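Read the structure below first, then the notes.
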2 protein chains.
Amino acid sequence: MSNTNNDQIESEGDERFSIKFLGTGNAAGVPVRGCSCTVCIKATANKDLRRESCCAVIEFGEQRILLDAGVFDLKYRFPENSLTAILLTHFHPDHVQGLFPFRWGGNDSIDTYAPNDKEGCGDLYKNPGVLNFYTLIAFDHFYIGEVLITPVPLTHSKITLGFCFEHRNVKVAYLTDTVGLPKKTEAFLRYWKPDVMVIDCAFPPQEIRPRNHNDINMVLKAYEEFKPKQMLLTHIGHKLDQWLNEYEQKLPEGISVVRDNEIYVF
Amino acid sequence: MSNTNNDQIESEGDERFSIKFLGTGNAAGVPVRGCSCTVCIKATANKDLRRESCCAVIEFGEQRILLDAGVFDLKYRFPENSLTAILLTHFHPDHVQGLFPFRWGGNDSIDTYAPNDKEGCGDLYKNPGVLNFYTLIAFDHFYIGEVLITPVPLTHSKITLGFCFEHRNVKVAYLTDTVGLPKKTEAFLRYWKPDVMVIDCAFPPQEIRPRNHNDINMVLKAYEEFKPKQMLLTHIGHKLDQWLNEYEQKLPEGISVVRDNEIYVF
């Protein structure tokens, strides 16, 4: 499992399973408007330090799956017929906002898998454009190409699913947004044994259990519990970035904090 | 009334009334994803030819009002305490999408005036962040600084208001999104006599009356009817841009097609 930030592995036909993180920030992103903390001031000046809202693209063979849509330049990144499917964890705006303009262009029809949330977001259901919505049921697994995908419920303020990907001998769980995990999902993960866990971590260690998103204490507990070979933290807030500047090196070796545009190959 | 694309008039304290158009495109914007028309190919290559979704900023004296929020970089454009207010014409995503990330930062509270649309868009009402919502009633005028603002109903697929601004001796009507105008709004405009009409024009001339947005035929009719000194077209789609490449010079002298980042001073 390696981490690279060049685009070579994106060439069509690479048989390995990769995730490129297009956005690793929370809803506010980094920098936060009006914030004068060191992290936000540096990110305002240096685009490489910014965090857009959550969005990733998974590639294997000639398949390309968009995982959430928090970034705004999707129409430039994914021209017609370049996406096999879209997976949505939930309908909070920071995870779907990039679809508002994207849906209106192209003659393709993109299968878009989402939780059973009747409310959706804005008029995405009413005016889907190129999006062809399918509703997912927790633990009802399905295939895209040769990847087996199991949606698992998460604990959040809106109906939310994580996705467990199994590709050849590699198991990758993508678990955001969530604070802790529902018991059924914990049981599934204990049985399934993920090699890699990508997990929501918005906050530095908190004195009381946070709402809606994990803090460092909670992801450390999950790391001990599930013992993945690699844990990748995403949905980062600027206060966690401040904390990481001081303490990142004290995290266990298997835990990494992802940056926008990093690619992980498994 | 002059048109400039430099930022000099944005210095604080300029007593003139100005509109800077941050976005002049329709919901798809220009380029449209996957489109290989000449307009879209050129706009993909040249950022100056792109059109973001509708958004403008009005300035007079030290007041600065954001008018819709179709662009995505608002947190960089408008730091804390830089906006007096936000006016929303309606809650379609292409007019509010920039508020999703923007609302989460800053310690200011921004008065945000919007139509009486109980649905809103996404979770903007539930989680307003810095936005302090006020509901507007058509024809119930109000002041921001010394500018008198009269909201007027428009004809669209969602509850929509245009805004008639009166600043010293200049009257500017901002009328998007709309297809034609309701009779009450026509009557108001005949009485009020706008000097400048900014109006929705998404399409080239159509054989049948378009849905939701004006075409060139309809804005020509409005130009004859209300005889503004200046008419500015916005909410442009790529097919209208194609048509304009051939026929723009045949439009009456008082009609201009606005581009992103152009500033008009009245």
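In the structure tokens, chains take letters A, B, ... by order of appearance, with residues numbered from 1 within each chain and ligands from 1 in the order shown.
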Within 8 Å of chain B: residues of chain A, using only C-alpha atoms, as a PDB file with N, CA, C and O atoms, in the first residue's frame:
ATOM      1  N   ALA A  27     -17.253  20.645   6.502  1.00  0.00           N
ATOM      2  CA  ALA A  27     -18.163  21.493   5.722  1.00  0.00           C
ATOM      3  C   ALA A  27     -17.608  22.900   5.513  1.00  0.00           C
ATOM      4  O   ALA A  27     -17.814  23.501   4.457  1.00  0.00           O
ATOM      5  N   ALA A  28     -16.898  23.435   6.506  1.00  0.00           N
ATOM      6  CA  ALA A  28     -16.333  24.787   6.370  1.00  0.00           C
ATOM      7  C   ALA A  28     -15.105  24.779   5.468  1.00  0.00           C
ATOM      8  O   ALA A  28     -14.771  25.785   4.852  1.00  0.00           O
ATOM      9  N   GLY A  29     -14.434  23.624   5.389  1.00  0.00           N
ATOM     10  CA  GLY A  29     -13.168  23.554   4.658  1.00  0.00           C
ATOM     11  C   GLY A  29     -12.061  24.274   5.414  1.00  0.00           C
ATOM     12  O   GLY A  29     -12.272  24.841   6.485  1.00  0.00           O
ATOM     13  N   VAL A  32     -11.012  28.400   7.019  1.00  0.00           N
ATOM     14  CA  VAL A  32     -12.357  28.822   7.399  1.00  0.00           C
ATOM     15  C   VAL A  32     -12.462  30.321   7.144  1.00  0.00           C
ATOM     16  O   VAL A  32     -11.530  31.068   7.468  1.00  0.00           O
ATOM     17  N   ARG A  33     -13.560  30.733   6.554  1.00  0.00           N
ATOM     18  CA  ARG A  33     -13.766  32.173   6.325  1.00  0.00           C
ATOM     19  C   ARG A  33     -13.565  32.955   7.623  1.00  0.00           C
ATOM     20  O   ARG A  33     -14.115  32.591   8.662  1.00  0.00           O
ATOM     21  N   GLY A  34     -12.784  34.007   7.522  1.00  0.00           N
ATOM     22  CA  GLY A  34     -12.670  34.949   8.642  1.00  0.00           C
ATOM     23  C   GLY A  34     -11.775  34.463   9.768  1.00  0.00           C
ATOM     24  O   GLY A  34     -11.653  35.140  10.782  1.00  0.00           O
ATOM     25  N   CYS A  35     -11.157  33.290   9.613  1.00  0.00           N
ATOM     26  CA  CYS A  35     -10.348  32.747  10.713  1.00  0.00           C
ATOM     27  C   CYS A  35      -8.901  33.223  10.582  1.00  0.00           C
ATOM     28  O   CYS A  35      -8.323  33.181   9.501  1.00  0.00           O
ATOM     29  N   PHE A  72     -16.078  21.498  -6.242  1.00  0.00           N
ATOM     30  CA  PHE A  72     -16.941  22.240  -7.159  1.00  0.00           C
ATOM     31  C   PHE A  72     -16.526  22.175  -8.625  1.00  0.00           C
ATOM     32  O   PHE A  72     -17.206  22.714  -9.480  1.00  0.00           O
ATOM     33  N   LYS A  75     -17.066  19.123 -13.205  1.00  0.00           N
ATOM     34  CA  LYS A  75     -17.296  19.082 -14.664  1.00  0.00           C
ATOM     35  C   LYS A  75     -15.988  19.146 -15.444  1.00  0.00           C
ATOM     36  O   LYS A  75     -15.927  18.668 -16.573  1.00  0.00           O
ATOM     37  N   TYR A  76     -14.969  19.744 -14.835  1.00  0.00           N
ATOM     38  CA  TYR A  76     -13.668  19.784 -15.501  1.00  0.00           C
ATOM     39  C   TYR A  76     -12.889  18.487 -15.263  1.00  0.00           C
ATOM     40  O   TYR A  76     -12.091  18.070 -16.086  1.00  0.00           O
ATOM     41  N   PRO A  79     -15.118  14.424 -17.524  1.00  0.00           N
ATOM     42  CA  PRO A  79     -15.890  14.646 -18.757  1.00  0.00           C
ATOM     43  C   PRO A  79     -16.837  13.474 -19.021  1.00  0.00           C
ATOM     44  O   PRO A  79     -16.809  12.464 -18.301  1.00  0.00           O
ATOM     45  N   GLU A  80     -17.633  13.617 -20.034  1.00  0.00           N
ATOM     46  CA  GLU A  80     -18.617  12.603 -20.412  1.00  0.00           C
ATOM     47  C   GLU A  80     -18.002  11.212 -20.434  1.00  0.00           C
ATOM     48  O   GLU A  80     -16.897  11.028 -20.974  1.00  0.00           O
ATOM     49  N   HIS A  92     -25.967  15.600   3.121  1.00  0.00           N
ATOM     50  CA  HIS A  92     -25.579  16.927   3.607  1.00  0.00           C
ATOM     51  C   HIS A  92     -24.896  17.669   2.455  1.00  0.00           C
ATOM     52  O   HIS A  92     -24.151  17.057   1.666  1.00  0.00           O
ATOM     53  N   PRO A  93     -25.119  19.001   2.377  1.00  0.00           N
ATOM     54  CA  PRO A  93     -24.591  19.743   1.227  1.00  0.00           C
ATOM     55  C   PRO A  93     -23.089  19.581   1.006  1.00  0.00           C
ATOM     56  O   PRO A  93     -22.646  19.516  -0.140  1.00  0.00           O
ATOM     57  N   ASP A  94     -22.300  19.490   2.078  1.00  0.00           N
ATOM     58  CA  ASP A  94     -20.850  19.416   1.848  1.00  0.00           C
ATOM     59  C   ASP A  94     -20.429  18.109   1.180  1.00  0.00           C
ATOM     60  O   ASP A  94     -19.290  17.998   0.728  1.00  0.00           O
ATOM     61  N   GLN A  97     -22.611  18.995  -2.848  1.00  0.00           N
ATOM     62  CA  GLN A  97     -22.729  20.322  -3.469  1.00  0.00           C
ATOM     63  C   GLN A  97     -22.119  20.396  -4.868  1.00  0.00           C
ATOM     64  O   GLN A  97     -22.614  21.130  -5.722  1.00  0.00           O
ATOM     65  N   PHE A 100     -24.553  19.888  -7.979  1.00  0.00           N
ATOM     66  CA  PHE A 100     -25.553  20.860  -8.446  1.00  0.00           C
ATOM     67  C   PHE A 100     -25.234  21.358  -9.858  1.00  0.00           C
ATOM     68  O   PHE A 100     -26.078  21.277 -10.732  1.00  0.00           O
ATOM     69  N   PRO A 101     -24.035  21.867 -10.115  1.00  0.00           N
ATOM     70  CA  PRO A 101     -23.747  22.246 -11.505  1.00  0.00           C
ATOM     71  C   PRO A 101     -23.421  21.046 -12.397  1.00  0.00           C
ATOM     72  O   PRO A 101     -23.795  21.024 -13.569  1.00  0.00           O
ATOM     73  N   PHE A 102     -22.748  20.035 -11.854  1.00  0.00           N
ATOM     74  CA  PHE A 102     -22.274  18.889 -12.637  1.00  0.00           C
ATOM     75  C   PHE A 102     -23.411  18.166 -13.362  1.00  0.00           C
ATOM     76  O   PHE A 102     -23.267  17.742 -14.515  1.00  0.00           O
ATOM     77  N   ARG A 103     -24.556  18.032 -12.684  1.00  0.00           N
ATOM     78  CA  ARG A 103     -25.657  17.205 -13.232  1.00  0.00           C
ATOM     79  C   ARG A 103     -26.201  17.707 -14.545  1.00  0.00           C
ATOM     80  O   ARG A 103     -26.864  16.975 -15.268  1.00  0.00           O
ATOM     81  N   TRP A 104     -25.966  18.991 -14.873  1.00  0.00           N
ATOM     82  CA  TRP A 104     -26.640  19.584 -16.036  1.00  0.00           C
ATOM     83  C   TRP A 104     -25.933  19.351 -17.360  1.00  0.00           C
ATOM     84  O   TRP A 104     -26.409  19.798 -18.401  1.00  0.00           O
ATOM     85  N   GLY A 105     -24.791  18.683 -17.344  1.00  0.00           N
ATOM     86  CA  GLY A 105     -24.066  18.536 -18.614  1.00  0.00           C
ATOM     87  C   GLY A 105     -23.781  17.097 -18.975  1.00  0.00           C
ATOM     88  O   GLY A 105     -23.704  16.220 -18.113  1.00  0.00           O
ATOM     89  N   GLY A 106     -23.605  16.846 -20.256  1.00  0.00           N
ATOM     90  CA  GLY A 106     -23.221  15.517 -20.719  1.00  0.00           C
ATOM     91  C   GLY A 106     -24.416  14.687 -21.146  1.00  0.00           C
ATOM     92  O   GLY A 106     -25.534  14.880 -20.651  1.00  0.00           O
ATOM     93  N   ASN A 107     -24.163  13.771 -22.056  1.00  0.00           N
ATOM     94  CA  ASN A 107     -25.220  12.868 -22.527  1.00  0.00           C
ATOM     95  C   ASN A 107     -25.124  11.494 -21.875  1.00  0.00           C
ATOM     96  O   ASN A 107     -25.836  10.578 -22.249  1.00  0.00           O
ATOM     97  N   GLY A 120     -33.339  13.974   0.504  1.00  0.00           N
ATOM     98  CA  GLY A 120     -32.252  14.308  -0.424  1.00  0.00           C
ATOM     99  C   GLY A 120     -31.631  15.646  -0.087  1.00  0.00           C
ATOM    100  O   GLY A 120     -31.533  16.009   1.091  1.00  0.00           O
ATOM    101  N   CYS A 121     -31.239  16.409  -1.097  1.00  0.00           N
ATOM    102  CA  CYS A 121     -30.682  17.753  -0.875  1.00  0.00           C
ATOM    103  C   CYS A 121     -31.087  18.645  -2.039  1.00  0.00           C
ATOM    104  O   CYS A 121     -30.842  18.301  -3.204  1.00  0.00           O
ATOM    105  N   GLY A 122     -31.698  19.786  -1.708  1.00  0.00           N
ATOM    106  CA  GLY A 122     -32.138  20.710  -2.759  1.00  0.00           C
ATOM    107  C   GLY A 122     -33.045  19.970  -3.734  1.00  0.00           C
ATOM    108  O   GLY A 122     -33.884  19.159  -3.333  1.00  0.00           O
ATOM    109  N   ASP A 123     -32.868  20.211  -5.013  1.00  0.00           N
ATOM    110  CA  ASP A 123     -33.734  19.594  -6.026  1.00  0.00           C
ATOM    111  C   ASP A 123     -33.019  18.469  -6.785  1.00  0.00           C
ATOM    112  O   ASP A 123     -33.349  18.192  -7.945  1.00  0.00           O
TER     113      ASP A 123
END
- Query: CA of Ile65 in chain B to CA of Phe133 in chain B: how many Å, to one decimal?
  - Reply: 14.3 Å
- Message: Based on the backbone DSSP call, show me all residues of range 126-242 of chain B assigned strand (DSSP E), as a VMD selection string.
- Response: chain B and resid 131 to 135 142 to 144 147 to 153 161 to 167 170 to 175 196 to 200 230 to 234
Would you tabulate, counting only C-alpha atoms, all residues of range 24-90 of chain B that have an atom at most 9 Å from an atom of range 144-165 of chain B, showing the closest pair of atoms and their distance in Å to one decimal, sorted by chain then ascending number, as JSON lines?
{"residue": "B:Phe60", "atom": "CA", "partner": "B:Val147", "partner_atom": "CA", "distance": 8.5}
{"residue": "B:Gly61", "atom": "CA", "partner": "B:Gly145", "partner_atom": "CA", "distance": 8.8}
{"residue": "B:Gln63", "atom": "CA", "partner": "B:Gly145", "partner_atom": "CA", "distance": 7.1}
{"residue": "B:Ile65", "atom": "CA", "partner": "B:Ile144", "partner_atom": "CA", "distance": 8.8}
{"residue": "B:Thr84", "atom": "CA", "partner": "B:Ile144", "partner_atom": "CA", "distance": 8.2}
{"residue": "B:Ala85", "atom": "CA", "partner": "B:Ile144", "partner_atom": "CA", "distance": 8.2}
{"residue": "B:Leu87", "atom": "CA", "partner": "B:Phe163", "partner_atom": "CA", "distance": 8.6}
{"residue": "B:Leu88", "atom": "CA", "partner": "B:Leu161", "partner_atom": "CA", "distance": 8.0}
{"residue": "B:Thr89", "atom": "CA", "partner": "B:Leu161", "partner_atom": "CA", "distance": 4.9}
{"residue": "B:His90", "atom": "CA", "partner": "B:Thr160", "partner_atom": "CA", "distance": 4.8}
Selection to disk with N, CA and C atoms, as a CSV table (one decimal), in the first residue's frame:
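After the write, part38.csv holds the following:
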chain,number,residue,atom,x,y,z
B,60,PHE,N,-22.3,50.7,-2.8
B,60,PHE,CA,-22.6,52.2,-2.8
B,60,PHE,C,-22.1,52.7,-1.4
B,61,GLY,N,-21.3,53.8,-1.5
B,61,GLY,CA,-20.7,54.2,-0.2
B,61,GLY,C,-19.9,53.1,0.4
B,63,GLN,N,-21.4,50.4,1.7
B,63,GLN,CA,-22.3,49.3,1.8
B,63,GLN,C,-21.9,48.3,0.7
B,65,ILE,N,-23.6,44.7,-0.9
B,65,ILE,CA,-24.7,43.7,-0.8
B,65,ILE,C,-24.5,42.6,-1.8
B,84,THR,N,-22.7,44.0,4.0
B,84,THR,CA,-23.8,44.6,4.7
B,84,THR,C,-25.0,43.6,4.8
B,85,ALA,N,-25.3,42.9,3.7
B,85,ALA,CA,-26.5,42.1,3.6
B,85,ALA,C,-26.3,41.2,2.4
B,87,LEU,N,-29.0,39.4,-0.5
B,87,LEU,CA,-30.4,39.3,-1.1
B,87,LEU,C,-30.4,38.1,-1.9
B,88,LEU,N,-31.5,37.3,-1.7
B,88,LEU,CA,-31.6,36.1,-2.5
B,88,LEU,C,-32.9,36.2,-3.4
B,89,THR,N,-32.8,36.0,-4.7
B,89,THR,CA,-34.0,36.0,-5.5
B,89,THR,C,-34.8,34.8,-5.3
B,90,HIS,N,-34.2,33.6,-5.1
B,90,HIS,CA,-34.9,32.3,-4.9
B,90,HIS,C,-33.9,31.3,-4.5
- Can you tell me, as an MDAnalysis selection string, what residues are no more than 6 Å from Asn132 in chain B when counting only C-alpha atoms, ignoring any on the same chain fewer than 2 positions away? chainID B and resid 110:112
Selected residues written out with all heavy atoms, as a PDB file, in the first residue's frame:
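Final output, again.pdb:
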ATOM      1  N   ILE B 110     -24.928  37.995   9.042  1.00  0.00           N
ATOM      2  CA  ILE B 110     -25.245  38.728   7.814  1.00  0.00           C
ATOM      3  C   ILE B 110     -26.738  38.653   7.539  1.00  0.00           C
ATOM      4  O   ILE B 110     -27.290  37.566   7.316  1.00  0.00           O
ATOM      5  CB  ILE B 110     -24.456  38.152   6.620  1.00  0.00           C
ATOM      6  CG1 ILE B 110     -22.959  38.091   6.951  1.00  0.00           C
ATOM      7  CG2 ILE B 110     -24.697  39.013   5.375  1.00  0.00           C
ATOM      8  CD1 ILE B 110     -22.123  37.378   5.906  1.00  0.00           C
ATOM      9  N   ASP B 111     -27.398  39.805   7.566  1.00  0.00           N
ATOM     10  CA  ASP B 111     -28.828  39.836   7.261  1.00  0.00           C
ATOM     11  C   ASP B 111     -29.043  39.331   5.837  1.00  0.00           C
ATOM     12  O   ASP B 111     -28.465  39.859   4.880  1.00  0.00           O
ATOM     13  CB  ASP B 111     -29.376  41.261   7.403  1.00  0.00           C
ATOM     14  CG  ASP B 111     -29.393  41.694   8.872  1.00  0.00           C
ATOM     15  OD1 ASP B 111     -29.252  40.819   9.756  1.00  0.00           O
ATOM     16  OD2 ASP B 111     -29.538  42.906   9.120  1.00  0.00           O
ATOM     17  N   THR B 112     -29.876  38.289   5.712  1.00  0.00           N
ATOM     18  CA  THR B 112     -30.062  37.607   4.434  1.00  0.00           C
ATOM     19  C   THR B 112     -31.553  37.630   4.096  1.00  0.00           C
ATOM     20  O   THR B 112     -32.365  36.995   4.772  1.00  0.00           O
ATOM     21  CB  THR B 112     -29.538  36.157   4.545  1.00  0.00           C
ATOM     22  OG1 THR B 112     -28.147  36.211   4.913  1.00  0.00           O
ATOM     23  CG2 THR B 112     -29.680  35.407   3.222  1.00  0.00           C
TER      24      THR B 112
END
- Message: I'd like to know which residues of range 79-253 of chain B are helix (DSSP H, G or I) (by DSSP, run on the backbone); could you write them as a ChimeraX atom specification?
- Response: /B:93-96,99-102,183-192,216-226,238-250
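CA of Glu186 in chain B is positioned 21.4 Å from CA of Ile208 in chain B.
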- Point-to-point distance in Å for CA of Ser256 in chain B and CA of Leu244 in chain B: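 For CA of Leu244 in chain B relative to CA of Ser256 in chain B, the distance reads 10.7 Å.
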- With a distance cut-off of 12 Å and only C-alpha atoms, select the neighbouring residues of Arg211 in chain B, excluding the residue or stretch itself and same-chain residues fewer than 5 positions from it, and output the selection as a ChimeraX atom specification. /B:155-157,177-180,201-203,206,218
